[in-house]
file data30.tsv (TSV, C-alpha atoms)
chain	number	residue	atom	x	y	z
A	1	MET	CA	-138.46	-18.93	-125.38
A	2	ARG	CA	-136.96	-22.22	-124.34
A	3	LYS	CA	-134.31	-24.17	-126.21
A	4	VAL	CA	-135.57	-27.55	-127.38
A	5	ASP	CA	-134.55	-30.33	-129.73
A	6	LEU	CA	-136.28	-28.99	-132.82
A	7	CYS	CA	-135.77	-32.24	-134.76
A	8	LEU	CA	-138.15	-34.44	-132.79
A	9	SER	CA	-141.42	-35.65	-134.24
A	10	SER	CA	-142.95	-34.82	-130.84
A	11	GLU	CA	-142.14	-31.14	-131.64
A	12	GLY	CA	-144.15	-31.41	-134.89
A	13	THR	CA	-141.15	-32.01	-137.15
A	14	GLU	CA	-141.50	-34.34	-140.16
A	15	VAL	CA	-139.26	-36.05	-142.66
A	16	ILE	CA	-141.04	-35.04	-145.88
A	17	LEU	CA	-138.69	-36.66	-148.41
A	18	ALA	CA	-136.08	-39.40	-148.46
A	19	THR	CA	-134.39	-40.83	-151.53
A	20	SER	CA	-134.51	-44.36	-150.15
A	21	SER	CA	-136.73	-46.24	-147.76
A	22	ASP	CA	-136.50	-49.64	-146.16
A	23	GLU	CA	-139.71	-50.70	-144.45
A	24	LYS	CA	-137.73	-51.89	-141.40
A	25	HIS	CA	-135.70	-48.67	-141.22
A	26	PRO	CA	-137.87	-45.78	-142.50
A	27	PRO	CA	-136.72	-42.13	-142.56
A	28	GLU	CA	-139.09	-41.22	-139.71
A	29	ASN	CA	-136.71	-43.11	-137.39
A	30	ILE	CA	-134.28	-40.19	-137.64
A	31	ILE	CA	-136.60	-37.94	-135.61
A	32	ASP	CA	-138.44	-40.42	-133.34
A	33	GLY	CA	-136.16	-39.85	-130.33
A	34	ASN	CA	-135.38	-43.57	-130.04
A	35	PRO	CA	-131.60	-44.27	-130.02
A	36	GLU	CA	-132.21	-47.86	-131.22
A	37	THR	CA	-133.90	-46.94	-134.52
A	38	PHE	CA	-132.35	-45.56	-137.71
A	39	TRP	CA	-132.85	-44.82	-141.40
A	40	THR	CA	-130.69	-46.70	-143.85
A	41	THR	CA	-129.77	-45.87	-147.41
A	42	THR	CA	-130.28	-48.48	-150.10
A	43	GLY	CA	-126.94	-48.15	-151.85
A	44	MET	CA	-125.79	-45.64	-154.50
A	45	PHE	CA	-124.92	-42.06	-153.55
A	46	PRO	CA	-125.86	-39.28	-153.13
A	47	GLN	CA	-128.77	-40.01	-150.78
A	48	GLU	CA	-130.81	-37.30	-149.09
A	49	PHE	CA	-133.67	-36.50	-146.77
A	50	ILE	CA	-135.53	-33.29	-145.97
A	51	ILE	CA	-136.75	-32.30	-142.52
A	52	CYS	CA	-139.67	-29.86	-142.22
A	53	PHE	CA	-140.09	-27.91	-138.98
A	54	HIS	CA	-143.52	-26.40	-139.87
A	55	LYS	CA	-142.26	-23.16	-138.29
A	56	HIS	CA	-139.35	-20.75	-138.52
A	57	VAL	CA	-136.55	-21.88	-136.22
A	58	ARG	CA	-133.10	-20.72	-135.19
A	59	ILE	CA	-130.68	-23.61	-134.82
A	60	GLU	CA	-127.66	-23.12	-132.59
A	61	LYS	CA	-126.21	-26.63	-132.54
A	62	LEU	CA	-126.67	-29.78	-134.64
A	63	VAL	CA	-125.73	-33.28	-133.58
A	64	ILE	CA	-125.77	-36.01	-136.20
A	65	GLN	CA	-125.49	-39.65	-135.16
A	66	SER	CA	-124.73	-41.87	-138.13
A	67	TYR	CA	-122.81	-44.87	-139.37
A	68	PHE	CA	-120.59	-45.12	-142.47
A	69	VAL	CA	-121.31	-41.53	-143.63
A	70	ARG	CA	-118.20	-40.08	-145.28
A	71	THR	CA	-119.31	-36.67	-146.61
A	72	LEU	CA	-122.44	-34.85	-145.47
A	73	ARG	CA	-123.79	-31.61	-146.93
A	74	ILE	CA	-126.57	-29.70	-145.17
A	75	GLU	CA	-128.68	-27.13	-146.98
A	76	LYS	CA	-131.36	-24.91	-145.48
A	77	SER	CA	-134.39	-23.03	-146.65
A	78	THR	CA	-136.52	-20.37	-144.99
A	79	SER	CA	-139.30	-20.68	-147.59
A	80	LYS	CA	-142.85	-21.86	-146.86
A	81	GLU	CA	-142.28	-24.72	-149.32
A	82	PRO	CA	-139.19	-26.97	-149.64
A	83	VAL	CA	-137.53	-24.81	-152.33
A	84	ASP	CA	-134.69	-22.28	-152.59
A	85	PHE	CA	-132.20	-24.30	-150.56
A	86	GLU	CA	-128.80	-22.76	-149.92
A	87	GLN	CA	-125.69	-24.65	-148.93
A	88	TRP	CA	-125.08	-24.22	-145.22
A	89	ILE	CA	-122.64	-26.81	-143.85
A	90	GLU	CA	-120.43	-29.49	-145.40
A	91	ARG	CA	-118.46	-31.99	-143.36
A	92	ASP	CA	-116.20	-34.96	-143.92
A	93	LEU	CA	-116.93	-37.37	-141.09
A	94	VAL	CA	-114.42	-39.71	-139.48
A	95	HIS	CA	-114.97	-43.45	-139.88
A	96	THR	CA	-115.55	-44.98	-136.44
A	97	GLU	CA	-115.32	-48.76	-136.69
A	98	GLY	CA	-117.97	-50.49	-134.62
A	99	GLN	CA	-119.49	-47.35	-133.11
A	100	LEU	CA	-121.70	-44.46	-134.17
A	101	GLN	CA	-120.28	-41.31	-135.69
A	102	ASN	CA	-121.27	-38.45	-133.39
A	103	GLU	CA	-120.79	-35.18	-135.30
A	104	GLU	CA	-121.48	-31.99	-133.32
A	105	ILE	CA	-121.77	-28.76	-135.31
A	106	MET	CA	-122.10	-25.29	-133.81
A	107	ALA	CA	-124.44	-23.55	-136.21
A	108	HIS	CA	-124.05	-20.03	-137.53
A	109	ASP	CA	-126.94	-18.25	-139.27
A	110	GLY	CA	-129.15	-21.21	-138.45
A	111	HIS	CA	-132.51	-19.76	-139.49
A	112	ALA	CA	-134.58	-22.37	-141.33
A	113	THR	CA	-137.97	-23.89	-142.04
A	114	TYR	CA	-136.47	-26.89	-143.89
A	115	LEU	CA	-133.14	-28.72	-143.76
A	116	ARG	CA	-131.91	-30.96	-146.55
A	117	PHE	CA	-129.25	-33.51	-145.58
A	118	ILE	CA	-127.27	-34.94	-148.50
A	119	ILE	CA	-124.96	-37.89	-147.97
A	120	THR	CA	-122.64	-37.41	-150.91
A	121	SER	CA	-120.38	-40.38	-150.12
A	122	ALA	CA	-120.01	-43.18	-147.59
A	123	PHE	CA	-117.42	-45.61	-146.25
A	124	ASP	CA	-119.52	-48.58	-147.42
A	125	HIS	CA	-122.30	-49.39	-149.91
A	126	PHE	CA	-124.87	-48.43	-147.28
A	127	ALA	CA	-124.99	-45.71	-144.62
A	128	SER	CA	-127.40	-45.05	-141.80
A	129	VAL	CA	-128.57	-42.04	-139.81
A	130	TYR	CA	-129.72	-42.72	-136.25
A	131	SER	CA	-130.69	-39.21	-135.25
A	132	ILE	CA	-130.49	-35.53	-136.04
A	133	SER	CA	-130.72	-33.26	-133.05
A	134	ALA	CA	-131.07	-29.49	-133.51
A	135	GLU	CA	-130.80	-27.39	-130.40
A	136	GLY	CA	-132.48	-24.03	-130.80
A	137	ILE	CA	-135.70	-22.10	-130.56
A	138	ALA	CA	-138.86	-21.68	-132.57
A	139	ILE	CA	-139.04	-18.10	-133.87
A	140	SER	CA	-142.54	-18.03	-135.35
A	141	ASN	CA	-145.20	-20.13	-137.03
A	142	LEU	CA	-145.41	-20.27	-140.81
A	143	SER	CA	-148.11	-17.92	-142.02
call {"tool": "encode", "arguments": {"input": "data30.tsv", "output": "structure tokens"}}
result
Amino acid sequence: MRKVDLCLSSEGTEVILATSSDEKHPPENIIDGNPETFWTTTGMFPQEFIICFHKHVRIEKLVIQSYFVRTLRIEKSTSKEPVDFEQWIERDLVHTEGQLQNEEIMAHDGHATYLRFIITSAFDHFASVYSISAEGIAISNLS
């Protein structure tokens, strides 16, 4: 089994829910592999999005590239449907004026079929997520 970026749309991953959507900056931009595109919130917090892997995966490392995100909570589910989420990781990110926040998280117990990312607060009225990268391996298909 090879380690891949599990959060790429080219790997079959989808963003199945986002609490806000701007037609110029849709949630699919988070997983398109293009460093120039991003998803933006439309004010008010919390904001969230759910990533579906369509298979059971084991995540070893997460890298989140964002802008103006203050507090980020990540929940995971191993269900066949996006239910029964459990809190997994919570981080307060550092404000980086004029450059992307690049948060690297070594994951423990990273088994999942879905990840829910909740931006609970931000440094501004809007926040953006450029990419989520999840290094790991696919364990099995959903059956």
call {"tool": "closest_residue", "arguments": {"input": "data30.tsv", "among": "A:Glu81, A:Glu11, A:Glu60, A:Glu36", "to": "Gly136 (chain A)", "atoms": "all atoms listed in the file"}}
result
A:Glu60
call {"tool": "closest_residue", "arguments": {"input": "data30.tsv", "among": "A:Thr40, A:Ser121, A:Thr78, A:Ser131", "to": "His25 (chain A)", "atoms": "only C-alpha atoms"}}
result
A:Thr40
call {"tool": "atom_distance", "arguments": {"input": "data30.tsv", "atom1": "CA of Asn34 (chain A)", "atom2": "CA of Ser133 (chain A)"}}
result
11.7 Å
call {"tool": "residues_near_point", "arguments": {"input": "data30.tsv", "point": "(-131.5, -48.6, -149.0)", "cutoff": "8 Å", "atoms": "all atoms listed in the file", "output": "list in words"}}
result
Ser20, Ser21, Asp22, Thr40, Thr41, Thr42, Gly43 and Phe126 of chain A
call {"tool": "write_last_selection", "arguments": {"input": "data30.tsv", "atoms": "C-alpha atoms", "output": "mmCIF file, keeping the file's coordinate frame"}}
result
data_model
loop_
_atom_site.group_PDB
_atom_site.id
_atom_site.type_symbol
_atom_site.label_atom_id
_atom_site.label_comp_id
_atom_site.auth_asym_id
_atom_site.auth_seq_id
_atom_site.Cartn_x
_atom_site.Cartn_y
_atom_site.Cartn_z
ATOM 1 C CA SER A 20 -134.510 -44.360 -150.150
ATOM 2 C CA SER A 21 -136.730 -46.240 -147.760
ATOM 3 C CA ASP A 22 -136.500 -49.640 -146.160
ATOM 4 C CA THR A 40 -130.690 -46.700 -143.850
ATOM 5 C CA THR A 41 -129.770 -45.870 -147.410
ATOM 6 C CA THR A 42 -130.280 -48.480 -150.100
ATOM 7 C CA GLY A 43 -126.940 -48.150 -151.850
ATOM 8 C CA PHE A 126 -124.870 -48.430 -147.280
#
call {"tool": "closest_residue", "arguments": {"input": "data30.tsv", "among": "A:Ile64, A:Ile137, A:Val4, A:Val69", "to": "Ala112 (chain A)", "atoms": "all atoms listed in the file"}}
result
A:Ile137
call {"tool": "atom_distance", "arguments": {"input": "data30.tsv", "atom1": "CA of Ser9 (chain A)", "atom2": "CA of Leu100 (chain A)"}}
result
21.6 Å
call {"tool": "residues_near_point", "arguments": {"input": "data30.tsv", "point": "(-125.1, -36.4, -148.6)", "cutoff": "12 Å", "atoms": "all atoms listed in the file", "output": "PyMOL selection string"}}
result
chain A and resi 18-19+41+44-50+66+68-75+87+89-93+116-122+127-129
call {"tool": "atom_distance", "arguments": {"input": "data30.tsv", "atom1": "CA of Asp124 (chain A)", "atom2": "CA of Asp32 (chain A)"}}
result
25.0 Å
